[in-house]
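Okay, model14.csv is below, CSV, C-alpha atoms:
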chain,number,residue,atom,x,y,z
A,16,MET,CA,78.2,86.7,-49.9
A,17,ALA,CA,75.2,84.4,-50.7
A,18,PHE,CA,75.5,80.6,-50.3
A,19,GLN,CA,75.1,79.0,-53.6
A,20,VAL,CA,74.0,75.5,-54.6
A,21,ASP,CA,77.5,74.7,-55.7
A,22,ASP,CA,78.7,75.7,-52.3
A,23,LEU,CA,76.2,73.2,-50.8
A,24,ARG,CA,77.5,70.4,-53.0
A,25,ASP,CA,81.0,71.2,-52.0
A,26,LEU,CA,79.9,71.2,-48.3
A,27,ILE,CA,78.2,67.8,-48.7
A,28,GLU,CA,81.3,66.3,-50.3
A,29,LEU,CA,83.5,67.8,-47.6
A,30,LEU,CA,81.3,66.4,-44.8
A,31,ALA,CA,81.4,63.1,-46.5
A,32,GLU,CA,85.1,63.2,-46.3
A,33,LYS,CA,85.2,64.6,-42.8
A,34,PRO,CA,83.0,62.5,-40.4
A,35,GLU,CA,84.3,64.5,-37.4
A,36,TRP,CA,82.8,67.7,-39.0
A,37,ARG,CA,79.5,65.9,-39.4
A,38,ALA,CA,79.5,65.2,-35.7
A,39,GLN,CA,80.2,68.8,-34.9
A,40,LEU,CA,77.5,70.1,-37.3
A,41,ARG,CA,74.9,67.6,-36.2
A,42,PRO,CA,73.9,69.4,-32.9
A,43,LEU,CA,73.9,72.6,-34.8
A,44,ILE,CA,71.5,71.3,-37.4
A,45,LEU,CA,69.3,69.0,-35.3
A,46,GLY,CA,69.5,70.9,-32.0
A,47,ASP,CA,69.4,69.3,-28.5
A,48,GLU,CA,66.6,66.9,-29.4
A,49,PHE,CA,69.1,65.0,-31.5
A,50,ASP,CA,71.3,64.3,-28.5
A,51,ARG,CA,68.3,62.8,-26.7
A,52,LEU,CA,67.3,60.7,-29.6
A,53,PRO,CA,69.3,57.6,-28.6
A,54,ARG,CA,67.8,57.8,-25.1
A,55,ILE,CA,64.3,58.2,-26.6
A,56,VAL,CA,64.9,55.3,-28.9
A,57,GLU,CA,66.2,53.3,-25.9
A,58,GLU,CA,63.2,54.3,-23.8
A,59,LEU,CA,60.9,53.3,-26.7
A,60,ALA,CA,62.7,50.0,-27.0
A,61,GLU,CA,62.3,49.4,-23.3
A,62,ALA,CA,58.6,50.4,-23.5
A,63,GLN,CA,58.3,48.1,-26.5
A,64,GLN,CA,59.8,45.3,-24.4
A,65,ARG,CA,57.5,46.0,-21.5
A,66,THR,CA,54.6,46.1,-23.9
A,67,GLU,CA,55.6,42.8,-25.4
A,68,ALA,CA,56.1,41.3,-21.9
A,69,ARG,CA,52.6,42.6,-20.9
A,70,VAL,CA,51.2,41.3,-24.1
A,71,GLU,CA,52.8,38.0,-23.4
A,72,GLU,CA,51.4,38.1,-19.8
A,73,LEU,CA,48.0,38.9,-21.2
A,74,ALA,CA,48.3,36.1,-23.8
A,75,GLU,CA,49.3,33.7,-21.1
A,76,ALA,CA,46.4,34.9,-19.0
A,77,GLN,CA,44.2,34.5,-22.0
A,78,ARG,CA,45.5,30.9,-22.5
A,79,ARG,CA,44.8,30.2,-18.8
A,80,THR,CA,41.4,31.7,-19.0
A,81,GLU,CA,40.6,29.6,-22.2
A,82,ALA,CA,41.9,26.5,-20.5
A,83,ARG,CA,39.8,27.2,-17.4
A,84,VAL,CA,36.8,27.9,-19.6
A,85,GLU,CA,37.4,24.6,-21.3
A,86,GLU,CA,37.7,22.9,-18.0
A,87,LEU,CA,34.5,24.5,-16.8
A,88,ALA,CA,32.8,23.5,-20.1
A,89,GLU,CA,34.0,20.0,-19.7
A,90,ALA,CA,32.8,19.9,-16.1
A,91,GLN,CA,29.5,21.3,-17.3
A,92,ARG,CA,29.3,18.6,-20.0
A,93,ARG,CA,30.0,16.0,-17.3
A,94,THR,CA,27.4,17.5,-15.0
A,95,GLU,CA,24.8,17.6,-17.7
A,96,SER,CA,25.6,14.0,-18.6
A,97,ARG,CA,25.3,13.0,-14.9
A,98,ILE,CA,22.1,14.9,-14.6
A,99,GLU,CA,20.7,13.2,-17.7
A,100,GLY,CA,21.7,9.9,-16.2
A,101,LEU,CA,20.2,10.8,-12.8
A,102,THR,CA,17.0,11.9,-14.6
A,103,GLY,CA,16.7,8.6,-16.3
A,104,ARG,CA,17.4,6.8,-13.0
A,105,VAL,CA,14.8,8.9,-11.2
A,106,GLU,CA,12.3,8.1,-14.0
A,107,ASP,CA,13.1,4.4,-13.6
A,108,LEU,CA,12.7,4.7,-9.8
A,109,THR,CA,9.5,6.6,-10.3
A,110,GLU,CA,8.1,3.9,-12.6
A,111,ALA,CA,9.3,1.2,-10.2
A,112,GLN,CA,7.6,3.0,-7.4
A,113,ARG,CA,4.4,3.2,-9.3
A,114,ARG,CA,4.6,-0.5,-10.1
A,115,THR,CA,5.3,-1.2,-6.4
A,116,GLU,CA,2.4,0.9,-5.2
A,117,SER,CA,0.1,-0.8,-7.8
A,118,ARG,CA,1.3,-4.2,-6.6
A,119,LEU,CA,0.8,-3.2,-3.0
A,120,GLN,CA,-2.7,-2.0,-3.7
A,121,GLU,CA,-3.5,-5.3,-5.5
A,122,MET,CA,-2.0,-7.2,-2.5
A,123,GLY,CA,-4.0,-5.0,-0.1
A,124,GLU,CA,-7.2,-5.7,-2.0
A,125,LYS,CA,-6.5,-9.4,-2.0
A,126,ILE,CA,-5.6,-9.3,1.7
A,127,ASP,CA,-8.8,-7.4,2.4
A,128,ALA,CA,-10.8,-9.9,0.4
A,129,LEU,CA,-9.1,-12.8,2.2
A,130,THR,CA,-9.7,-11.1,5.6
A,131,ALA,CA,-13.3,-10.7,4.7
A,132,SER,CA,-13.6,-14.3,3.7
A,133,ILE,CA,-11.9,-15.4,6.9
A,134,LYS,CA,-14.1,-13.2,8.9
A,135,MET,CA,-17.2,-14.6,7.2
A,136,LEU,CA,-16.0,-18.1,7.9
A,137,SER,CA,-15.2,-17.1,11.4
A,138,ASP,CA,-18.6,-15.6,11.9
A,139,GLN,CA,-20.1,-18.8,10.7
A,140,PHE,CA,-18.1,-21.1,12.9
A,141,THR,CA,-17.1,-19.0,15.9
A,142,ASP,CA,-18.2,-20.0,19.4
A,143,ASP,CA,-20.2,-16.8,19.5
A,144,THR,CA,-22.8,-18.1,17.0
A,145,GLY,CA,-25.3,-20.9,17.2
A,146,ALA,CA,-24.2,-22.6,14.0
A,147,LEU,CA,-21.3,-24.3,15.8
A,148,TYR,CA,-23.5,-25.4,18.6
A,149,GLU,CA,-26.0,-26.9,16.2
A,150,VAL,CA,-23.2,-29.1,14.7
A,151,ARG,CA,-22.0,-30.2,18.1
A,152,PHE,CA,-25.5,-30.8,19.4
A,153,GLU,CA,-26.2,-33.1,16.5
A,154,ARG,CA,-23.0,-35.0,17.1
A,155,LYS,CA,-23.7,-35.2,20.9
A,156,ALA,CA,-27.4,-35.7,20.8
A,157,PRO,CA,-27.5,-39.2,22.4
A,158,SER,CA,-25.5,-38.0,25.4
A,159,LEU,CA,-27.1,-34.6,25.6
A,160,PHE,CA,-30.7,-35.7,25.6
A,161,GLY,CA,-30.2,-39.3,26.9
A,162,GLN,CA,-31.6,-38.2,30.3
A,163,TRP,CA,-35.1,-37.7,28.6
A,164,LEU,CA,-35.1,-40.1,25.6
A,165,ARG,CA,-34.1,-43.6,25.0
A,166,LYS,CA,-32.3,-44.3,21.7
A,167,PRO,CA,-32.2,-40.6,20.7
A,168,ARG,CA,-31.1,-39.9,17.2
A,169,VAL,CA,-31.0,-36.8,15.0
A,170,ILE,CA,-33.3,-37.0,12.0
A,171,THR,CA,-34.1,-34.6,9.1
A,172,LEU,CA,-37.4,-33.1,8.2
A,173,ASN,CA,-37.5,-35.3,5.0
A,174,GLU,CA,-37.8,-38.4,7.2
A,175,LEU,CA,-41.1,-37.1,8.5
A,176,GLU,CA,-43.6,-38.2,5.8
A,177,ARG,CA,-46.5,-36.4,7.4
A,178,VAL,CA,-44.8,-33.1,6.8
A,179,ASP,CA,-44.4,-33.7,3.1
A,180,GLU,CA,-47.9,-35.0,2.8
A,181,ALA,CA,-49.4,-32.0,4.6
A,182,GLU,CA,-47.4,-29.6,2.5
A,183,MET,CA,-48.5,-31.3,-0.7
A,184,SER,CA,-52.2,-31.3,0.3
A,185,GLY,CA,-52.1,-27.7,1.5
A,186,ALA,CA,-52.8,-28.7,5.1
A,187,LEU,CA,-49.5,-27.1,6.0
A,188,SER,CA,-49.0,-23.5,4.7
A,189,PRO,CA,-45.8,-22.5,3.0
A,190,PHE,CA,-45.0,-20.3,6.0
A,191,ASP,CA,-45.4,-23.1,8.5
A,192,ALA,CA,-43.4,-25.4,6.2
A,193,SER,CA,-40.6,-22.8,6.2
A,194,GLN,CA,-40.7,-22.6,10.0
A,195,LEU,CA,-40.2,-26.3,10.3
A,196,ARG,CA,-37.4,-26.3,7.8
A,197,ALA,CA,-35.7,-23.6,10.0
A,198,LEU,CA,-35.6,-25.9,13.0
A,199,ASP,CA,-32.0,-26.3,14.2
A,200,ILE,CA,-32.3,-29.9,15.2
A,201,ILE,CA,-35.0,-32.6,15.3
A,202,ILE,CA,-34.3,-35.5,17.7
A,203,GLN,CA,-36.3,-38.7,17.7
A,204,GLY,CA,-36.4,-41.1,20.7
A,205,LEU,CA,-38.6,-42.8,23.3
A,206,ASP,CA,-39.7,-40.6,26.2
A,207,LYS,CA,-38.4,-42.2,29.4
A,208,ARG,CA,-40.7,-40.2,31.6
A,209,GLU,CA,-43.9,-41.7,30.2
A,210,SER,CA,-45.1,-45.3,30.6
A,211,GLY,CA,-44.8,-47.3,27.4
A,212,TYR,CA,-42.0,-45.0,26.2
A,213,PRO,CA,-44.0,-43.2,23.5
A,214,GLU,CA,-42.1,-42.2,20.4
A,215,THR,CA,-41.3,-38.5,20.8
A,216,LEU,CA,-39.8,-35.7,18.7
A,217,LEU,CA,-37.8,-32.9,20.2
A,218,ALA,CA,-37.9,-29.6,18.3
A,219,VAL,CA,-34.6,-28.1,19.4
A,220,GLU,CA,-33.5,-24.5,19.0
A,221,VAL,CA,-29.8,-23.9,19.6
A,222,SER,CA,-27.9,-20.7,20.4
A,223,ARG,CA,-25.0,-19.6,22.4
A,224,THR,CA,-27.0,-17.5,24.8
A,225,LEU,CA,-30.5,-18.7,25.3
A,226,ASP,CA,-33.3,-16.1,25.3
A,227,ASP,CA,-37.1,-15.8,25.2
A,228,THR,CA,-37.1,-15.8,21.4
A,229,GLY,CA,-35.5,-19.2,21.3
A,230,LEU,CA,-38.1,-20.5,23.7
A,231,ASP,CA,-40.9,-19.1,21.6
A,232,ARG,CA,-39.5,-20.6,18.4
A,233,ALA,CA,-39.0,-24.1,19.9
A,234,GLU,CA,-42.5,-24.0,21.4
A,235,ALA,CA,-44.1,-22.8,18.1
A,236,ARG,CA,-42.3,-25.4,15.9
A,237,ALA,CA,-43.1,-28.2,18.4
A,238,ARG,CA,-46.8,-27.2,18.0
A,239,LEU,CA,-46.6,-27.4,14.2
A,240,LEU,CA,-45.2,-31.0,14.5
A,241,ALA,CA,-47.9,-31.9,17.1
A,242,GLY,CA,-50.5,-30.5,14.7
A,243,LEU,CA,-49.4,-33.1,12.1
A,244,GLY,CA,-50.0,-35.9,14.6
A,245,TYR,CA,-46.5,-36.3,16.1
A,246,ARG,CA,-45.8,-36.3,19.8
A,247,ALA,CA,-43.5,-33.3,19.9
A,248,LEU,CA,-41.8,-31.4,22.7
A,249,PRO,CA,-40.0,-28.1,22.6
A,250,ALA,CA,-36.3,-28.0,23.6
A,251,VAL,CA,-33.5,-25.5,23.7
A,252,GLY,CA,-29.7,-25.8,24.1
A,253,GLY,CA,-26.8,-23.5,24.5
A,254,LYS,CA,-24.0,-22.3,26.6
A,255,PHE,CA,-25.5,-19.5,28.7
A,256,ALA,CA,-28.9,-18.8,30.2
A,257,THR,CA,-30.1,-16.6,33.0
A,258,GLU,CA,-31.7,-18.1,36.0
A,259,ARG,CA,-34.9,-16.3,35.0
A,260,LEU,CA,-34.9,-18.0,31.6
A,261,MET,CA,-34.2,-21.4,33.0
A,262,ASN,CA,-37.2,-20.9,35.4
A,263,GLU,CA,-39.3,-19.7,32.4
A,264,ALA,CA,-38.4,-22.8,30.4
A,265,GLU,CA,-39.3,-25.1,33.2
A,266,ARG,CA,-42.6,-23.3,33.8
A,267,ARG,CA,-43.5,-23.7,30.1
A,268,GLY,CA,-42.4,-27.3,29.9
A,269,ILE,CA,-39.5,-26.7,27.5
A,270,LEU,CA,-36.5,-29.0,27.9
A,271,LEU,CA,-33.3,-27.0,28.4
A,272,ARG,CA,-29.8,-28.4,27.9
A,273,LEU,CA,-27.1,-26.0,29.1
A,274,ILE,CA,-23.5,-27.0,28.8
A,275,ASP,CA,-20.3,-25.1,29.5
A,276,GLN,CA,-18.2,-26.7,26.7
A,277,LEU,CA,-18.7,-29.1,23.8
A,278,ASN,CA,-15.8,-31.2,22.7
Any chance you could give the structure as structure tokens?
Amino acid sequence: MAFQVDDLRDLIELLAEKPEWRAQLRPLILGDEFDRLPRIVEELAEAQQRTEARVEELAEAQRRTEARVEELAEAQRRTESRIEGLTGRVEDLTEAQRRTESRLQEMGEKIDALTASIKMLSDQFTDDTGALYEVRFERKAPSLFGQWLRKPRVITLNELERVDEAEMSGALSPFDASQLRALDIIIQGLDKRESGYPETLLAVEVSRTLDDTGLDRAEARARLLAGLGYRALPAVGGKFATERLMNEAERRGILLRLIDQLN
């Protein structure tokens, strides 16, 4: 007998009235898979829970990562700011260094110039040059040459009128005039060694260490004065002289005044 539609309606109404029949028919209709459905649903729910938990873990990890990234970004900003500040400081220090080096260079140049000036003055007035001896000989002339002259005094070339007259007339050449002007000291006095104490000029050449050149200059310049009508004698003075030079001066009639120290 074929199952009609009406029979299906009747069955549905009957099953609606008989829940226990539905429970008996369900396995027959759905098979064994239906019985496992609650377990599957439960497993899916558990899987969903695990997924959500994992998602939450990942989200938390993401938040921590983002927080760490933000911390690193902030640290980077602080580092860049500090580097910028250090860069500015280094530039300031570099500029200060340049100014300091420039200042030191200027000071070095000034010190070098001052040192050169001091050396020049030292060279002019050191005991190793004749200039200082000339000044001291002038000051000490009476005591230094008193053994030969009475009333010795230092005079200048301008006080010798014959020199000026000879130069004006041409009797004294410009070269000879320059030689007389180069005389270290001219001392005027009365020669004690001669009767009548004739007025005498000493043409004195001064140097620290006496040598043959000093003897020659003194002798030549004394001759120039003698050529103008003056009684003139060559003389030399200094601190050191060899025995040979002292003997040579005595042989040539050149007065020599040797002293160890001048005060």
Can you tell me, as a PDB file with C-alpha atoms, in the frame of the given file, what residues are no more than 12 Å from A:Asp226 when counting only C-alpha atoms, ignoring any on the same chain fewer than 6 positions away?
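In the end it all went to selection-v8.pdb:
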ATOM      1  CA  GLU A 220     -33.500 -24.500  19.000  1.00  0.00           C
ATOM      2  CA  ARG A 232     -39.500 -20.600  18.400  1.00  0.00           C
ATOM      3  CA  ALA A 233     -39.000 -24.100  19.900  1.00  0.00           C
ATOM      4  CA  VAL A 251     -33.500 -25.500  23.700  1.00  0.00           C
ATOM      5  CA  GLY A 252     -29.700 -25.800  24.100  1.00  0.00           C
ATOM      6  CA  GLY A 253     -26.800 -23.500  24.500  1.00  0.00           C
ATOM      7  CA  LYS A 254     -24.000 -22.300  26.600  1.00  0.00           C
ATOM      8  CA  PHE A 255     -25.500 -19.500  28.700  1.00  0.00           C
ATOM      9  CA  ALA A 256     -28.900 -18.800  30.200  1.00  0.00           C
ATOM     10  CA  THR A 257     -30.100 -16.600  33.000  1.00  0.00           C
ATOM     11  CA  GLU A 258     -31.700 -18.100  36.000  1.00  0.00           C
ATOM     12  CA  ARG A 259     -34.900 -16.300  35.000  1.00  0.00           C
ATOM     13  CA  LEU A 260     -34.900 -18.000  31.600  1.00  0.00           C
ATOM     14  CA  MET A 261     -34.200 -21.400  33.000  1.00  0.00           C
ATOM     15  CA  ASN A 262     -37.200 -20.900  35.400  1.00  0.00           C
ATOM     16  CA  GLU A 263     -39.300 -19.700  32.400  1.00  0.00           C
ATOM     17  CA  ALA A 264     -38.400 -22.800  30.400  1.00  0.00           C
ATOM     18  CA  LEU A 271     -33.300 -27.000  28.400  1.00  0.00           C
TER      19      LEU A 271
END
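Between atom CA of A:Lys125 and atom CA of A:Leu108 the interatomic distance comes to 25.1 Å.
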Closest-contact table, stretch 80-199 of chain A side, partner stretch 267-270 of chain A, 12 Å, counting all atoms listed in the file, as CSV:
residue,atom,partner,partner_atom,distance
A:Leu159,CA,A:Leu270,CA,11.2
A:Phe160,CA,A:Leu270,CA,9.2
A:Gln162,CA,A:Leu270,CA,10.7
A:Trp163,CA,A:Leu270,CA,8.8
A:Leu164,CA,A:Leu270,CA,11.4
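For the atom pair formed by atom CA of A:Leu198 and atom CA of A:Val219, the distance is 6.8 Å, given to one decimal.
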Worksheet entry | Straight-line distance linking atom CA of A:Arg113 with atom CA of A:Ser96, stated in Å to one decimal | 25.5 Å
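Counting only C-alpha atoms and comparing A:Leu119, A:Leu216, A:Leu59, A:Ala181, the residue that lies closest to A:Ala241 is A:Leu216.
Proximity to A:Ile200 was assessed for A:Ser222, A:Gln112, A:Thr80, A:Thr66 counting all atoms listed in the file; the smallest distance is recorded for A:Ser222.
With only C-alpha atoms as the basis for measurement, A:Ala247 is the residue among A:Glu124, A:Gln194, A:Ala247, A:Glu89 that approaches A:Ala218 most closely.
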Discussion item. When you count only C-alpha atoms, which of these residues is closest to A:Val178: A:Ile202, A:Glu214, A:Leu243, A:Ser158?
Written reply: A:Leu243
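Nearest to A:Val221 of all the residues A:Phe152, A:Ser193, A:Arg246, A:Glu86 is A:Phe152, based on only C-alpha atoms.
Remark: for A:Gly229, the closest of the candidate residues A:Pro249, A:Leu273, A:Gln63, A:Glu85 is A:Pro249 (distances computed over all atoms listed in the file).
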